[in-house]
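The data block below is data_33.cif; it holds mmCIF, N, CA and C atoms.
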data_model
loop_
_atom_site.group_PDB
_atom_site.id
_atom_site.type_symbol
_atom_site.label_atom_id
_atom_site.label_comp_id
_atom_site.auth_asym_id
_atom_site.auth_seq_id
_atom_site.Cartn_x
_atom_site.Cartn_y
_atom_site.Cartn_z
ATOM 1 N N MET A 1 97.212 95.016 108.718
ATOM 2 C CA MET A 1 97.328 96.450 108.616
ATOM 3 C C MET A 1 98.392 96.848 107.592
ATOM 4 N N PHE A 2 99.482 96.082 107.490
ATOM 5 C CA PHE A 2 100.566 96.399 106.564
ATOM 6 C C PHE A 2 100.652 95.331 105.491
ATOM 7 N N ALA A 3 100.749 95.766 104.244
ATOM 8 C CA ALA A 3 100.851 94.824 103.130
ATOM 9 C C ALA A 3 102.299 94.403 102.881
ATOM 10 N N GLU A 4 103.245 95.229 103.289
ATOM 11 C CA GLU A 4 104.666 94.975 103.055
ATOM 12 C C GLU A 4 105.461 95.324 104.311
ATOM 13 N N PRO A 5 106.584 94.635 104.555
ATOM 14 C CA PRO A 5 107.404 94.944 105.739
ATOM 15 C C PRO A 5 107.866 96.397 105.798
ATOM 16 N N TRP A 6 108.185 97.008 104.654
ATOM 17 C CA TRP A 6 108.673 98.388 104.681
ATOM 18 C C TRP A 6 107.625 99.337 105.235
ATOM 19 N N GLN A 7 106.343 98.998 105.072
ATOM 20 C CA GLN A 7 105.281 99.853 105.588
ATOM 21 C C GLN A 7 105.297 99.867 107.111
ATOM 22 N N ALA A 8 105.471 98.701 107.710
ATOM 23 C CA ALA A 8 105.564 98.614 109.167
ATOM 24 C C ALA A 8 106.808 99.344 109.670
ATOM 25 N N GLN A 9 107.905 99.237 108.918
ATOM 26 C CA GLN A 9 109.135 99.907 109.314
ATOM 27 C C GLN A 9 108.976 101.426 109.254
ATOM 28 N N ALA A 10 108.323 101.927 108.209
ATOM 29 C CA ALA A 10 108.094 103.373 108.107
ATOM 30 C C ALA A 10 107.198 103.847 109.238
ATOM 31 N N PHE A 11 106.174 103.070 109.551
ATOM 32 C CA PHE A 11 105.276 103.399 110.653
ATOM 33 C C PHE A 11 106.057 103.462 111.967
ATOM 34 N N ALA A 12 106.856 102.425 112.228
ATOM 35 C CA ALA A 12 107.626 102.360 113.476
ATOM 36 C C ALA A 12 108.630 103.506 113.570
ATOM 37 N N LEU A 13 109.237 103.850 112.458
ATOM 38 C CA LEU A 13 110.204 104.937 112.456
ATOM 39 C C LEU A 13 109.537 106.267 112.791
ATOM 40 N N ALA A 14 108.383 106.522 112.208
ATOM 41 C CA ALA A 14 107.656 107.762 112.505
ATOM 42 C C ALA A 14 107.265 107.819 113.981
ATOM 43 N N VAL A 15 106.775 106.710 114.507
ATOM 44 C CA VAL A 15 106.389 106.668 115.921
ATOM 45 C C VAL A 15 107.601 106.920 116.813
ATOM 46 N N LYS A 16 108.705 106.250 116.532
ATOM 47 C CA LYS A 16 109.910 106.379 117.359
ATOM 48 C C LYS A 16 110.477 107.800 117.313
ATOM 49 N N LEU A 17 110.531 108.385 116.131
ATOM 50 C CA LEU A 17 111.046 109.752 116.026
ATOM 51 C C LEU A 17 110.164 110.745 116.781
ATOM 52 N N SER A 18 108.864 110.511 116.743
ATOM 53 C CA SER A 18 107.956 111.376 117.498
ATOM 54 C C SER A 18 108.148 111.169 119.001
ATOM 55 N N GLU A 19 108.255 109.915 119.411
ATOM 56 C CA GLU A 19 108.471 109.625 120.837
ATOM 57 C C GLU A 19 109.762 110.261 121.344
ATOM 58 N N GLN A 20 110.774 110.335 120.486
ATOM 59 C CA GLN A 20 112.063 110.922 120.874
ATOM 60 C C GLN A 20 112.042 112.449 120.836
ATOM 61 N N GLY A 21 110.909 113.027 120.444
ATOM 62 C CA GLY A 21 110.760 114.479 120.481
ATOM 63 C C GLY A 21 111.242 115.216 119.238
ATOM 64 N N HIS A 22 111.499 114.491 118.150
ATOM 65 C CA HIS A 22 111.965 115.151 116.926
ATOM 66 C C HIS A 22 110.850 115.929 116.231
ATOM 67 N N PHE A 23 109.607 115.485 116.428
ATOM 68 C CA PHE A 23 108.438 116.208 115.940
ATOM 69 C C PHE A 23 107.238 115.730 116.738
ATOM 70 N N THR A 24 106.220 116.575 116.804
ATOM 71 C CA THR A 24 105.008 116.186 117.521
ATOM 72 C C THR A 24 104.127 115.336 116.612
ATOM 73 N N TRP A 25 103.204 114.624 117.221
ATOM 74 C CA TRP A 25 102.296 113.825 116.405
ATOM 75 C C TRP A 25 101.380 114.716 115.573
ATOM 76 N N ASN A 26 101.071 115.900 116.089
ATOM 77 C CA ASN A 26 100.285 116.856 115.298
ATOM 78 C C ASN A 26 101.051 117.311 114.058
ATOM 79 N N GLU A 27 102.359 117.554 114.205
ATOM 80 C CA GLU A 27 103.175 117.904 113.042
ATOM 81 C C GLU A 27 103.167 116.760 112.035
ATOM 82 N N TRP A 28 103.289 115.539 112.556
ATOM 83 C CA TRP A 28 103.272 114.355 111.697
ATOM 84 C C TRP A 28 101.947 114.254 110.946
ATOM 85 N N ALA A 29 100.837 114.404 111.671
ATOM 86 C CA ALA A 29 99.509 114.294 111.056
ATOM 87 C C ALA A 29 99.319 115.366 109.982
ATOM 88 N N SER A 30 99.830 116.558 110.231
ATOM 89 C CA SER A 30 99.728 117.644 109.264
ATOM 90 C C SER A 30 100.548 117.328 108.009
ATOM 91 N N ALA A 31 101.762 116.797 108.186
ATOM 92 C CA ALA A 31 102.611 116.435 107.040
ATOM 93 C C ALA A 31 101.941 115.344 106.209
ATOM 94 N N LEU A 32 101.358 114.358 106.870
ATOM 95 C CA LEU A 32 100.679 113.285 106.152
ATOM 96 C C LEU A 32 99.446 113.822 105.425
ATOM 97 N N ALA A 33 98.687 114.676 106.085
ATOM 98 C CA ALA A 33 97.507 115.268 105.445
ATOM 99 C C ALA A 33 97.901 116.055 104.201
ATOM 100 N N ASP A 34 99.028 116.770 104.273
ATOM 101 C CA ASP A 34 99.517 117.520 103.115
ATOM 102 C C ASP A 34 99.843 116.579 101.958
ATOM 103 N N GLU A 35 100.464 115.444 102.255
ATOM 104 C CA GLU A 35 100.810 114.471 101.207
ATOM 105 C C GLU A 35 99.555 113.857 100.590
ATOM 106 N N VAL A 36 98.586 113.526 101.423
ATOM 107 C CA VAL A 36 97.344 112.945 100.915
ATOM 108 C C VAL A 36 96.607 113.958 100.040
ATOM 109 N N LYS A 37 96.583 115.215 100.483
ATOM 110 C CA LYS A 37 95.931 116.264 99.677
ATOM 111 C C LYS A 37 96.653 116.459 98.351
ATOM 112 N N ALA A 38 97.980 116.483 98.382
ATOM 113 C CA ALA A 38 98.756 116.641 97.143
ATOM 114 C C ALA A 38 98.472 115.481 96.190
ATOM 115 N N ALA A 39 98.335 114.279 96.730
ATOM 116 C CA ALA A 39 98.015 113.114 95.893
ATOM 117 C C ALA A 39 96.642 113.275 95.258
ATOM 118 N N ALA A 40 95.688 113.738 96.035
ATOM 119 C CA ALA A 40 94.340 113.953 95.508
ATOM 120 C C ALA A 40 94.357 115.032 94.435
ATOM 121 N N ASP A 41 95.135 116.085 94.665
ATOM 122 C CA ASP A 41 95.249 117.160 93.681
ATOM 123 C C ASP A 41 95.870 116.666 92.375
ATOM 124 N N ARG A 42 96.767 115.666 92.485
ATOM 125 C CA ARG A 42 97.388 115.076 91.287
ATOM 126 C C ARG A 42 96.453 114.103 90.582
ATOM 127 N N GLY A 43 95.368 113.734 91.266
ATOM 128 C CA GLY A 43 94.433 112.779 90.688
ATOM 129 C C GLY A 43 94.757 111.334 90.994
ATOM 130 N N ASP A 44 95.620 111.097 91.997
ATOM 131 C CA ASP A 44 95.912 109.718 92.393
ATOM 132 C C ASP A 44 94.628 109.032 92.842
ATOM 133 N N PRO A 45 94.496 107.732 92.580
ATOM 134 C CA PRO A 45 93.285 107.029 93.012
ATOM 135 C C PRO A 45 93.157 107.024 94.534
ATOM 136 N N ASP A 46 91.937 107.151 95.017
ATOM 137 C CA ASP A 46 91.665 107.199 96.452
ATOM 138 C C ASP A 46 91.191 105.825 96.919
ATOM 139 N N ASP A 47 92.020 104.793 96.659
ATOM 140 C CA ASP A 47 91.628 103.432 97.029
ATOM 141 C C ASP A 47 92.450 102.862 98.182
ATOM 142 N N GLY A 48 93.334 103.667 98.760
ATOM 143 C CA GLY A 48 94.135 103.235 99.906
ATOM 144 C C GLY A 48 95.390 102.466 99.540
ATOM 145 N N SER A 49 95.568 102.119 98.286
ATOM 146 C CA SER A 49 96.700 101.283 97.889
ATOM 147 C C SER A 49 98.045 102.003 97.995
ATOM 148 N N ARG A 50 98.018 103.311 97.999
ATOM 149 C CA ARG A 50 99.268 104.072 98.041
ATOM 150 C C ARG A 50 99.452 104.828 99.352
ATOM 151 N N TYR A 51 98.640 104.508 100.349
ATOM 152 C CA TYR A 51 98.663 105.233 101.619
ATOM 153 C C TYR A 51 100.066 105.279 102.228
ATOM 154 N N TYR A 52 100.762 104.149 102.255
ATOM 155 C CA TYR A 52 102.077 104.153 102.893
ATOM 156 C C TYR A 52 103.144 104.813 102.028
ATOM 157 N N GLU A 53 102.893 104.964 100.737
ATOM 158 C CA GLU A 53 103.792 105.782 99.926
ATOM 159 C C GLU A 53 103.679 107.238 100.369
ATOM 160 N N TYR A 54 102.458 107.669 100.673
ATOM 161 C CA TYR A 54 102.254 109.029 101.177
ATOM 162 C C TYR A 54 102.856 109.162 102.578
ATOM 163 N N TRP A 55 102.710 108.112 103.363
ATOM 164 C CA TRP A 55 103.276 108.070 104.710
ATOM 165 C C TRP A 55 104.786 108.280 104.626
ATOM 166 N N LEU A 56 105.430 107.523 103.736
ATOM 167 C CA LEU A 56 106.875 107.623 103.586
ATOM 168 C C LEU A 56 107.283 109.002 103.068
ATOM 169 N N ALA A 57 106.557 109.527 102.094
ATOM 170 C CA ALA A 57 106.868 110.860 101.565
ATOM 171 C C ALA A 57 106.753 111.914 102.667
ATOM 172 N N ALA A 58 105.727 111.806 103.495
ATOM 173 C CA ALA A 58 105.556 112.754 104.603
ATOM 174 C C ALA A 58 106.701 112.625 105.598
ATOM 175 N N LEU A 59 107.096 111.405 105.890
ATOM 176 C CA LEU A 59 108.196 111.178 106.830
ATOM 177 C C LEU A 59 109.502 111.739 106.281
ATOM 178 N N GLU A 60 109.775 111.494 105.009
ATOM 179 C CA GLU A 60 110.997 112.027 104.399
ATOM 180 C C GLU A 60 111.007 113.551 104.441
ATOM 181 N N ARG A 61 109.885 114.147 104.110
ATOM 182 C CA ARG A 61 109.808 115.603 104.103
ATOM 183 C C ARG A 61 109.976 116.173 105.513
ATOM 184 N N LEU A 62 109.364 115.532 106.482
ATOM 185 C CA LEU A 62 109.422 116.024 107.856
ATOM 186 C C LEU A 62 110.826 115.891 108.455
ATOM 187 N N VAL A 63 111.493 114.761 108.237
ATOM 188 C CA VAL A 63 112.843 114.610 108.797
ATOM 189 C C VAL A 63 113.822 115.571 108.113
ATOM 190 N N ALA A 64 113.599 115.859 106.835
ATOM 191 C CA ALA A 64 114.445 116.847 106.146
ATOM 192 C C ALA A 64 114.183 118.241 106.709
ATOM 193 N N ALA A 65 112.915 118.589 106.903
ATOM 194 C CA ALA A 65 112.555 119.907 107.430
ATOM 195 C C ALA A 65 113.097 120.108 108.842
ATOM 196 N N LYS A 66 113.168 119.043 109.620
ATOM 197 C CA LYS A 66 113.666 119.121 110.993
ATOM 198 C C LYS A 66 115.190 119.025 111.064
ATOM 199 N N GLY A 67 115.838 118.843 109.913
ATOM 200 C CA GLY A 67 117.293 118.768 109.892
ATOM 201 C C GLY A 67 117.849 117.445 110.390
ATOM 202 N N LEU A 68 117.024 116.414 110.424
ATOM 203 C CA LEU A 68 117.491 115.106 110.882
ATOM 204 C C LEU A 68 118.313 114.400 109.808
ATOM 205 N N VAL A 69 118.070 114.752 108.566
ATOM 206 C CA VAL A 69 118.838 114.208 107.448
ATOM 207 C C VAL A 69 118.793 115.241 106.322
ATOM 208 N N GLY A 70 119.904 115.385 105.652
ATOM 209 C CA GLY A 70 119.950 116.313 104.533
ATOM 210 C C GLY A 70 119.458 115.652 103.256
ATOM 211 N N PRO A 71 119.044 116.460 102.291
ATOM 212 C CA PRO A 71 118.538 115.903 101.026
ATOM 213 C C PRO A 71 119.556 114.997 100.328
ATOM 214 N N ALA A 72 120.838 115.367 100.353
ATOM 215 C CA ALA A 72 121.864 114.555 99.686
ATOM 216 C C ALA A 72 122.017 113.198 100.372
ATOM 217 N N ALA A 73 122.024 113.194 101.700
ATOM 218 C CA ALA A 73 122.155 111.936 102.436
ATOM 219 C C ALA A 73 120.936 111.049 102.212
ATOM 220 N N LEU A 74 119.761 111.650 102.160
ATOM 221 C CA LEU A 74 118.541 110.889 101.923
ATOM 222 C C LEU A 74 118.569 110.271 100.524
ATOM 223 N N LEU A 75 118.963 111.045 99.537
ATOM 224 C CA LEU A 75 119.050 110.532 98.175
ATOM 225 C C LEU A 75 120.096 109.426 98.073
ATOM 226 N N GLU A 76 121.225 109.611 98.716
ATOM 227 C CA GLU A 76 122.283 108.593 98.705
ATOM 228 C C GLU A 76 121.781 107.277 99.300
ATOM 229 N N ARG A 77 121.051 107.360 100.398
ATOM 230 C CA ARG A 77 120.533 106.146 101.035
ATOM 231 C C ARG A 77 119.497 105.468 100.154
ATOM 232 N N LYS A 78 118.630 106.247 99.524
ATOM 233 C CA LYS A 78 117.628 105.676 98.616
ATOM 234 C C LYS A 78 118.302 104.969 97.445
ATOM 235 N N GLU A 79 119.331 105.590 96.905
ATOM 236 C CA GLU A 79 120.056 104.986 95.790
ATOM 237 C C GLU A 79 120.772 103.710 96.224
ATOM 238 N N ALA A 80 121.307 103.700 97.440
ATOM 239 C CA ALA A 80 121.974 102.497 97.949
ATOM 240 C C ALA A 80 120.978 101.347 98.090
ATOM 241 N N TRP A 81 119.772 101.647 98.585
ATOM 242 C CA TRP A 81 118.749 100.604 98.700
ATOM 243 C C TRP A 81 118.303 100.120 97.325
ATOM 244 N N ALA A 82 118.143 101.035 96.374
ATOM 245 C CA ALA A 82 117.750 100.642 95.019
ATOM 246 C C ALA A 82 118.822 99.760 94.395
ATOM 247 N N ASP A 83 120.080 100.093 94.610
ATOM 248 C CA ASP A 83 121.184 99.294 94.091
ATOM 249 C C ASP A 83 121.194 97.909 94.739
ATOM 250 N N ALA A 84 120.983 97.873 96.047
ATOM 251 C CA ALA A 84 120.936 96.580 96.744
ATOM 252 C C ALA A 84 119.783 95.735 96.214
ATOM 253 N N TYR A 85 118.643 96.359 95.966
ATOM 254 C CA TYR A 85 117.482 95.650 95.425
ATOM 255 C C TYR A 85 117.807 95.053 94.052
ATOM 256 N N ARG A 86 118.439 95.861 93.208
ATOM 257 C CA ARG A 86 118.758 95.392 91.849
ATOM 258 C C ARG A 86 119.765 94.255 91.850
ATOM 259 N N HIS A 87 120.603 94.173 92.869
ATOM 260 C CA HIS A 87 121.661 93.170 92.902
ATOM 261 C C HIS A 87 121.366 92.005 93.841
ATOM 262 N N THR A 88 120.155 91.913 94.326
ATOM 263 C CA THR A 88 119.787 90.806 95.211
ATOM 264 C C THR A 88 119.012 89.768 94.409
ATOM 265 N N PRO A 89 119.458 88.512 94.467
ATOM 266 C CA PRO A 89 118.728 87.458 93.748
ATOM 267 C C PRO A 89 117.289 87.350 94.256
ATOM 268 N N HIS A 90 116.391 87.019 93.328
ATOM 269 C CA HIS A 90 114.976 86.871 93.661
ATOM 270 C C HIS A 90 114.804 85.897 94.829
ATOM 271 N N GLY A 91 113.980 86.286 95.774
ATOM 272 C CA GLY A 91 113.684 85.430 96.915
ATOM 273 C C GLY A 91 114.629 85.588 98.091
ATOM 274 N N LYS A 92 115.698 86.326 97.906
ATOM 275 C CA LYS A 92 116.660 86.538 98.988
ATOM 276 C C LYS A 92 116.359 87.868 99.667
ATOM 277 N N PRO A 93 116.664 87.971 100.963
ATOM 278 C CA PRO A 93 116.436 89.257 101.638
ATOM 279 C C PRO A 93 117.395 90.326 101.117
ATOM 280 N N ILE A 94 116.879 91.524 101.006
ATOM 281 C CA ILE A 94 117.697 92.641 100.541
ATOM 282 C C ILE A 94 118.483 93.183 101.724
ATOM 283 N N GLU A 95 119.792 93.285 101.528
ATOM 284 C CA GLU A 95 120.655 93.815 102.579
ATOM 285 C C GLU A 95 121.432 94.994 102.025
ATOM 286 N N LEU A 96 121.369 96.088 102.724
ATOM 287 C CA LEU A 96 122.096 97.276 102.312
ATOM 288 C C LEU A 96 123.591 96.983 102.380
ATOM 289 N N GLY A 97 124.284 97.277 101.294
ATOM 290 C CA GLY A 97 125.726 97.049 101.266
ATOM 291 C C GLY A 97 126.120 95.703 100.710
ATOM 292 N N ALA A 98 125.161 94.821 100.479
ATOM 293 C CA ALA A 98 125.460 93.498 99.934
ATOM 294 C C ALA A 98 125.126 93.488 98.452
ATOM 295 N N HIS A 99 126.164 93.470 97.636
ATOM 296 C CA HIS A 99 125.980 93.502 96.181
ATOM 297 C C HIS A 99 126.807 92.399 95.530
ATOM 298 N N PRO A 100 126.434 91.121 95.727
ATOM 299 C CA PRO A 100 127.259 90.040 95.196
ATOM 300 C C PRO A 100 127.488 90.115 93.689
ATOM 301 N N ALA A 101 126.453 90.392 92.920
ATOM 302 C CA ALA A 101 126.616 90.449 91.467
ATOM 303 C C ALA A 101 127.530 91.610 91.086
ATOM 304 N N HIS A 102 127.351 92.727 91.756
ATOM 305 C CA HIS A 102 128.146 93.917 91.477
ATOM 306 C C HIS A 102 129.602 93.691 91.886
ATOM 307 N N ASP A 103 129.811 93.062 93.060
ATOM 308 C CA ASP A 103 131.166 92.839 93.563
ATOM 309 C C ASP A 103 131.956 91.933 92.632
ATOM 310 N N HIS A 104 131.332 90.886 92.096
ATOM 311 C CA HIS A 104 132.031 89.985 91.198
ATOM 312 C C HIS A 104 132.427 90.683 89.908
ATOM 313 N N ALA A 105 131.598 91.589 89.431
ATOM 314 C CA ALA A 105 131.913 92.318 88.209
ATOM 315 C C ALA A 105 133.151 93.188 88.413
ATOM 316 N N ASP A 106 133.354 93.671 89.635
ATOM 317 C CA ASP A 106 134.515 94.509 89.914
ATOM 318 C C ASP A 106 135.810 93.709 89.922
ATOM 319 N N GLU A 107 135.715 92.393 90.125
ATOM 320 C CA GLU A 107 136.918 91.562 90.215
ATOM 321 C C GLU A 107 137.502 91.259 88.834
ATOM 322 N N ARG A 108 136.738 91.428 87.769
ATOM 323 C CA ARG A 108 137.220 91.092 86.414
ATOM 324 C C ARG A 108 138.134 92.133 85.854
#

So that I can check it, write out the structure of this file as structure tokens.
Amino acid sequence: MFAEPWQAQAFALAVKLSEQGHFTWNEWASALADEVKAAADRGDPDDGSRYYEYWLAALERLVAAKGLVGPAALLERKEAWADAYRHTPHGKPIELGAHPAHDHADER
């Protein structure tokens, strides 16, 4: 069902937030439908390959709309993950906050 671990994590996060009462599943389905429609309007291919990108976009938009995270905090976290990705050696797990290459450069 999931091609990448992050897809399962996004799915689990949406389910958990709904179970905790932060939004209803109908609200979630509507947010996802809006993202899929926007993708179709942009002319994105309808081959299913980007489904979880739409899932994630809907989740980000919904948690921001519900006040669970602010836009600045969301952007900061995304940038931290991108930085961790860039500084993680190939084949190693990406860990937020672990920047060995970056840390060594700071020591010089």

>> Evaluate the PyMOL selection byres ((chain A and resi 28-44) around 7) against this structure - the residues, as a PyMOL selection string, please.
In response: chain A and resi 23-27+45-47+54-55+57-59+62

Edge lengths and centre in Å to one decimal, as lines of an AutoDock Vina configuration file, is what I'm after for the box along x, y and z that holds all listed atoms of stretch 59-73 of chain A once 8 Å is added on each side.
center_x = 114.6
center_y = 115.6
center_z = 105.4
size_x = 31.1
size_y = 25.1
size_z = 27.4

> Quick one: of A:Trp6, A:Lys92, A:Gly48, A:His22, who's nearest to A:Lys66, counting all atoms listed in the file?
Replying inline: A:His22

> If the PyMOL selection byres (((chain A and resi 1 and name CA) around 12) and name CA) is run on the structure shown, which residues does it catch, given as number ranges by chain?
Replying inline: A: 2-5, 7-8, 11, 48-49, 51-52

>> Using Å and a single decimal, report how far atom CA of A:His90 sits from atom CA of A:Glu53.
In response: 22.8 Å

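Relative to atom CA of A:Arg50, atom CA of A:Ala10 is found at 13.4 Å.
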
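Coordinates place atom N of A:Leu13 at a distance of 19.5 Å from atom CA of A:Glu76.
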
> So which residues of chain A fall under alpha helix (DSSP H) by DSSP, listed as a ChimeraX atom specification?
Replying inline: /A:5-19,25-42,51-65,71-86,100-107
